[in-house]
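This is final-v2.cif. It holds mmCIF, C-alpha atoms.
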data_final
#
loop_
_atom_site.group_PDB
_atom_site.id
_atom_site.type_symbol
_atom_site.label_atom_id
_atom_site.label_comp_id
_atom_site.auth_asym_id
_atom_site.auth_seq_id
_atom_site.Cartn_x
_atom_site.Cartn_y
_atom_site.Cartn_z
ATOM 1 C CA MET A 1 -14.271 110.510 -0.494
ATOM 2 C CA THR A 2 -12.049 109.843 2.479
ATOM 3 C CA VAL A 3 -8.903 111.853 3.176
ATOM 4 C CA ALA A 4 -6.770 108.881 2.126
ATOM 5 C CA GLN A 5 -8.698 108.615 -1.155
ATOM 6 C CA LEU A 6 -8.270 112.354 -1.780
ATOM 7 C CA ILE A 7 -4.526 112.162 -1.169
ATOM 8 C CA GLU A 8 -4.230 109.127 -3.439
ATOM 9 C CA ARG A 9 -6.180 110.889 -6.179
ATOM 10 C CA LEU A 10 -4.046 114.032 -5.923
ATOM 11 C CA TYR A 11 -0.902 111.894 -6.103
ATOM 12 C CA ASP A 12 -2.168 109.973 -9.140
ATOM 13 C CA GLU A 13 -3.170 113.187 -10.960
ATOM 14 C CA LEU A 14 0.191 114.785 -10.194
ATOM 15 C CA VAL A 15 2.068 111.765 -11.541
ATOM 16 C CA ALA A 16 -0.147 111.701 -14.641
ATOM 17 C CA ASP A 17 0.490 115.421 -15.252
ATOM 18 C CA ARG A 18 4.201 115.637 -14.434
ATOM 19 C CA GLY A 19 5.419 112.065 -14.721
ATOM 20 C CA ALA A 20 7.026 112.147 -11.271
ATOM 21 C CA VAL A 21 6.569 113.576 -7.808
ATOM 22 C CA GLY A 22 9.343 115.571 -6.179
ATOM 23 C CA ASN A 23 8.100 116.807 -2.803
ATOM 24 C CA PHE A 24 4.550 115.564 -2.340
ATOM 25 C CA SER A 25 4.163 116.921 1.199
ATOM 26 C CA SER A 26 4.964 120.413 -0.102
ATOM 27 C CA PHE A 27 2.417 119.925 -2.889
ATOM 28 C CA LEU A 28 -0.235 118.995 -0.290
ATOM 29 C CA ARG A 29 0.550 122.114 1.772
ATOM 30 C CA VAL A 30 0.149 124.318 -1.309
ATOM 31 C CA CYS A 31 -3.166 122.597 -2.155
ATOM 32 C CA ALA A 32 -4.467 123.226 1.374
ATOM 33 C CA LEU A 33 -3.416 126.884 1.291
ATOM 34 C CA ARG A 34 -5.000 127.412 -2.151
ATOM 35 C CA TYR A 35 -8.229 125.827 -0.905
ATOM 36 C CA GLU A 36 -8.293 128.127 2.137
ATOM 37 C CA SER A 37 -7.535 131.097 -0.121
ATOM 38 C CA LEU A 38 -10.523 130.229 -2.346
ATOM 39 C CA ILE A 39 -12.719 130.091 0.766
ATOM 40 C CA ALA A 40 -11.381 133.458 1.970
ATOM 41 C CA GLN A 41 -12.145 134.976 -1.457
ATOM 42 C CA GLY A 42 -15.711 133.658 -1.266
ATOM 43 C CA LEU A 43 -15.216 131.400 -4.294
ATOM 44 C CA ILE A 44 -15.822 128.215 -2.272
ATOM 45 C CA PRO A 45 -18.427 128.180 0.501
ATOM 46 C CA ARG A 46 -17.199 127.536 4.041
ATOM 47 C CA ASP A 47 -20.232 125.265 4.585
ATOM 48 C CA ALA A 48 -18.816 121.714 4.401
ATOM 49 C CA THR A 49 -22.273 120.294 3.612
ATOM 50 C CA ILE A 50 -22.116 121.819 0.108
ATOM 51 C CA PRO A 51 -20.343 119.329 -2.186
ATOM 52 C CA ILE A 52 -17.389 120.724 -4.126
ATOM 53 C CA ARG A 53 -18.660 118.963 -7.262
ATOM 54 C CA SER A 54 -21.784 121.142 -7.151
ATOM 55 C CA LEU A 55 -19.727 124.320 -7.689
ATOM 56 C CA ASP A 56 -19.025 125.938 -11.055
ATOM 57 C CA ALA A 57 -15.336 125.136 -11.627
ATOM 58 C CA ASP A 58 -14.951 127.891 -14.237
ATOM 59 C CA ARG A 59 -16.179 130.488 -11.756
ATOM 60 C CA VAL A 60 -14.063 129.147 -8.899
ATOM 61 C CA LEU A 61 -10.855 128.787 -10.919
ATOM 62 C CA GLY A 62 -11.467 131.437 -13.594
ATOM 63 C CA HIS A 63 -8.868 133.831 -12.175
ATOM 64 C CA LEU A 64 -6.051 131.281 -12.515
ATOM 65 C CA PRO A 65 -3.857 131.167 -15.639
ATOM 66 C CA ARG A 66 -5.013 128.604 -18.220
ATOM 67 C CA THR A 67 -1.512 127.268 -18.917
ATOM 68 C CA PRO A 68 0.652 125.783 -16.177
ATOM 69 C CA ARG A 69 3.849 127.539 -15.219
ATOM 70 C CA ALA A 70 7.107 126.049 -16.356
ATOM 71 C CA VAL A 71 8.298 123.562 -13.772
ATOM 72 C CA ALA A 72 11.847 122.325 -13.300
ATOM 73 C CA PRO A 73 12.224 118.645 -14.121
ATOM 74 C CA PRO A 74 11.985 116.367 -11.056
ATOM 75 C CA ASN A 75 15.190 115.937 -9.050
ATOM 76 C CA GLU A 76 16.836 118.930 -10.742
ATOM 77 C CA GLU A 77 18.661 120.970 -8.126
ATOM 78 C CA MET A 78 18.318 124.757 -8.156
ATOM 79 C CA GLU A 79 21.405 126.889 -7.865
ATOM 80 C CA PRO A 80 21.662 128.070 -4.219
ATOM 81 C CA ASN A 81 21.591 131.790 -5.111
ATOM 82 C CA ARG A 82 18.670 131.359 -7.542
ATOM 83 C CA ALA A 83 16.481 129.864 -4.819
ATOM 84 C CA LEU A 84 16.667 133.111 -2.838
ATOM 85 C CA ASN A 85 15.777 135.407 -5.759
#
Could you write out this structure as structure tokens?
Amino acid sequence: MTVAQLIERLYDELVADRGAVGNFSSFLRVCALRYESLIAQGLIPRDATIPIRSLDADRVLGHLPRTPRAVAPPNEEMEPNRALN
């Protein structure tokens, strides 16, 4: 999969899950940081020749909560003071 294909797939999955995309560049940054965090924890090998699809997803992602966190509806502004808390 090319980088462009990966980005397109992430976008499509995000739209399918949430119905809209607020700040996609922020979403991509979070994805990259989570990926690097999984490598640092030893849950994903650093060796790029090992395909991701060959890994056990339950083992890699088992520490994450099963239900997604509540997310504000797209385009809903946060109160300025709430954003800092």
Exercise. Between atom CA of Phe24 of chain A and atom CA of Ile7 of chain A, what is the distance, to one decimal in Å?
Worked result: 9.8 Å
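Among the candidates A:Leu43, A:Asp58, A:Met1, A:Tyr11, the residue lying nearest to Asn23 of chain A is A:Tyr11 (atoms considered: only C-alpha atoms).
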For this session: With only C-alpha atoms counted, which protein, DNA or RNA residues have an atom no more than 12 Å from (-1.1, 109.1, -6.6) in the file frame? Please answer as an NGL selection string.
Result: :A and (4-21 or 24 or 27-28)
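Within the file as shown, the PyMOL selection byres ((chain A and resi 61) around 12) identifies Arg34, Tyr35, Ser37, Leu38, Ile39, Gln41, Gly42, Leu43, Ile44, Leu55, Asp56, Ala57, Asp58, Arg59, Val60, Gly62, His63, Leu64, Pro65 and Arg66 of chain A.
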Take the residues from that selection and write them out as an mmCIF file, in the frame of the given file, keeping C-alpha atoms.
data_model
loop_
_atom_site.group_PDB
_atom_site.id
_atom_site.type_symbol
_atom_site.label_atom_id
_atom_site.label_comp_id
_atom_site.auth_asym_id
_atom_site.auth_seq_id
_atom_site.Cartn_x
_atom_site.Cartn_y
_atom_site.Cartn_z
ATOM 1 C CA ARG A 34 -5.000 127.412 -2.151
ATOM 2 C CA TYR A 35 -8.229 125.827 -0.905
ATOM 3 C CA SER A 37 -7.535 131.097 -0.121
ATOM 4 C CA LEU A 38 -10.523 130.229 -2.346
ATOM 5 C CA ILE A 39 -12.719 130.091 0.766
ATOM 6 C CA GLN A 41 -12.145 134.976 -1.457
ATOM 7 C CA GLY A 42 -15.711 133.658 -1.266
ATOM 8 C CA LEU A 43 -15.216 131.400 -4.294
ATOM 9 C CA ILE A 44 -15.822 128.215 -2.272
ATOM 10 C CA LEU A 55 -19.727 124.320 -7.689
ATOM 11 C CA ASP A 56 -19.025 125.938 -11.055
ATOM 12 C CA ALA A 57 -15.336 125.136 -11.627
ATOM 13 C CA ASP A 58 -14.951 127.891 -14.237
ATOM 14 C CA ARG A 59 -16.179 130.488 -11.756
ATOM 15 C CA VAL A 60 -14.063 129.147 -8.899
ATOM 16 C CA GLY A 62 -11.467 131.437 -13.594
ATOM 17 C CA HIS A 63 -8.868 133.831 -12.175
ATOM 18 C CA LEU A 64 -6.051 131.281 -12.515
ATOM 19 C CA PRO A 65 -3.857 131.167 -15.639
ATOM 20 C CA ARG A 66 -5.013 128.604 -18.220
#
For this session: Please measure the separation of atom CA of Leu33 of chain A and atom CA of Ile52 of chain A, giving the value in Å to one decimal.
Result: 16.2 Å
Using all atoms of segment 33-41 of chain A listed in the file and a margin of 4 Å per side, can you give the axis-aligned box centre and edge lengths in Å to one decimal, as AutoDock Vina command-line options?
--center_x -8.1 --center_y 130.4 --center_z -0.1 --size_x 17.3 --size_y 17.1 --size_z 12.5
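Between atom CA of Gly22 of chain A and atom CA of Glu36 of chain A there is a distance of 23.2 Å.
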With N, CA and C atoms as the goal, would you fill in the gaps in segment 33-47 of chain A and present it as a JSON list (two decimals), in the frame of the given file?
[["chain", "number", "residue", "atom", "x", "y", "z"],
["A", 33, "LEU", "N", -3.42, 125.42, 1.24],
["A", 33, "LEU", "CA", -3.42, 126.88, 1.29],
["A", 33, "LEU", "C", -4.25, 127.49, 0.16],
["A", 34, "ARG", "N", -4.18, 126.91, -1.03],
["A", 34, "ARG", "CA", -5.00, 127.41, -2.15],
["A", 34, "ARG", "C", -6.48, 127.23, -1.86],
["A", 35, "TYR", "N", -6.83, 126.09, -1.27],
["A", 35, "TYR", "CA", -8.23, 125.83, -0.90],
["A", 35, "TYR", "C", -8.71, 126.87, 0.10],
["A", 36, "GLU", "N", -7.92, 127.12, 1.13],
["A", 36, "GLU", "CA", -8.29, 128.13, 2.14],
["A", 36, "GLU", "C", -8.38, 129.52, 1.51],
["A", 37, "SER", "N", -7.50, 129.81, 0.57],
["A", 37, "SER", "CA", -7.54, 131.10, -0.12],
["A", 37, "SER", "C", -8.83, 131.25, -0.92],
["A", 38, "LEU", "N", -9.27, 130.18, -1.58],
["A", 38, "LEU", "CA", -10.52, 130.23, -2.35],
["A", 38, "LEU", "C", -11.72, 130.44, -1.42],
["A", 39, "ILE", "N", -11.66, 129.86, -0.22],
["A", 39, "ILE", "CA", -12.72, 130.09, 0.77],
["A", 39, "ILE", "C", -12.71, 131.55, 1.21],
["A", 40, "ALA", "N", -11.51, 132.07, 1.51],
["A", 40, "ALA", "CA", -11.38, 133.46, 1.97],
["A", 40, "ALA", "C", -11.87, 134.45, 0.92],
["A", 41, "GLN", "N", -11.70, 134.10, -0.37],
["A", 41, "GLN", "CA", -12.14, 134.98, -1.46],
["A", 41, "GLN", "C", -13.64, 134.82, -1.74],
["A", 42, "GLY", "N", -14.29, 133.89, -1.05],
["A", 42, "GLY", "CA", -15.71, 133.66, -1.27],
["A", 42, "GLY", "C", -16.02, 132.84, -2.51],
["A", 43, "LEU", "N", -15.02, 132.20, -3.09],
["A", 43, "LEU", "CA", -15.22, 131.40, -4.29],
["A", 43, "LEU", "C", -15.66, 129.98, -3.98],
["A", 44, "ILE", "N", -15.36, 129.51, -2.77],
["A", 44, "ILE", "CA", -15.82, 128.22, -2.27],
["A", 44, "ILE", "C", -16.52, 128.49, -0.95],
["A", 45, "PRO", "N", -17.73, 127.94, -0.77],
["A", 45, "PRO", "CA", -18.43, 128.18, 0.50],
["A", 45, "PRO", "C", -17.73, 127.49, 1.67],
["A", 46, "ARG", "N", -17.79, 128.11, 2.83],
["A", 46, "ARG", "CA", -17.20, 127.54, 4.04],
["A", 46, "ARG", "C", -18.03, 126.35, 4.53],
["A", 47, "ASP", "N", -19.30, 126.31, 4.16],
["A", 47, "ASP", "CA", -20.23, 125.26, 4.58],
["A", 47, "ASP", "C", -19.81, 123.92, 4.00]]
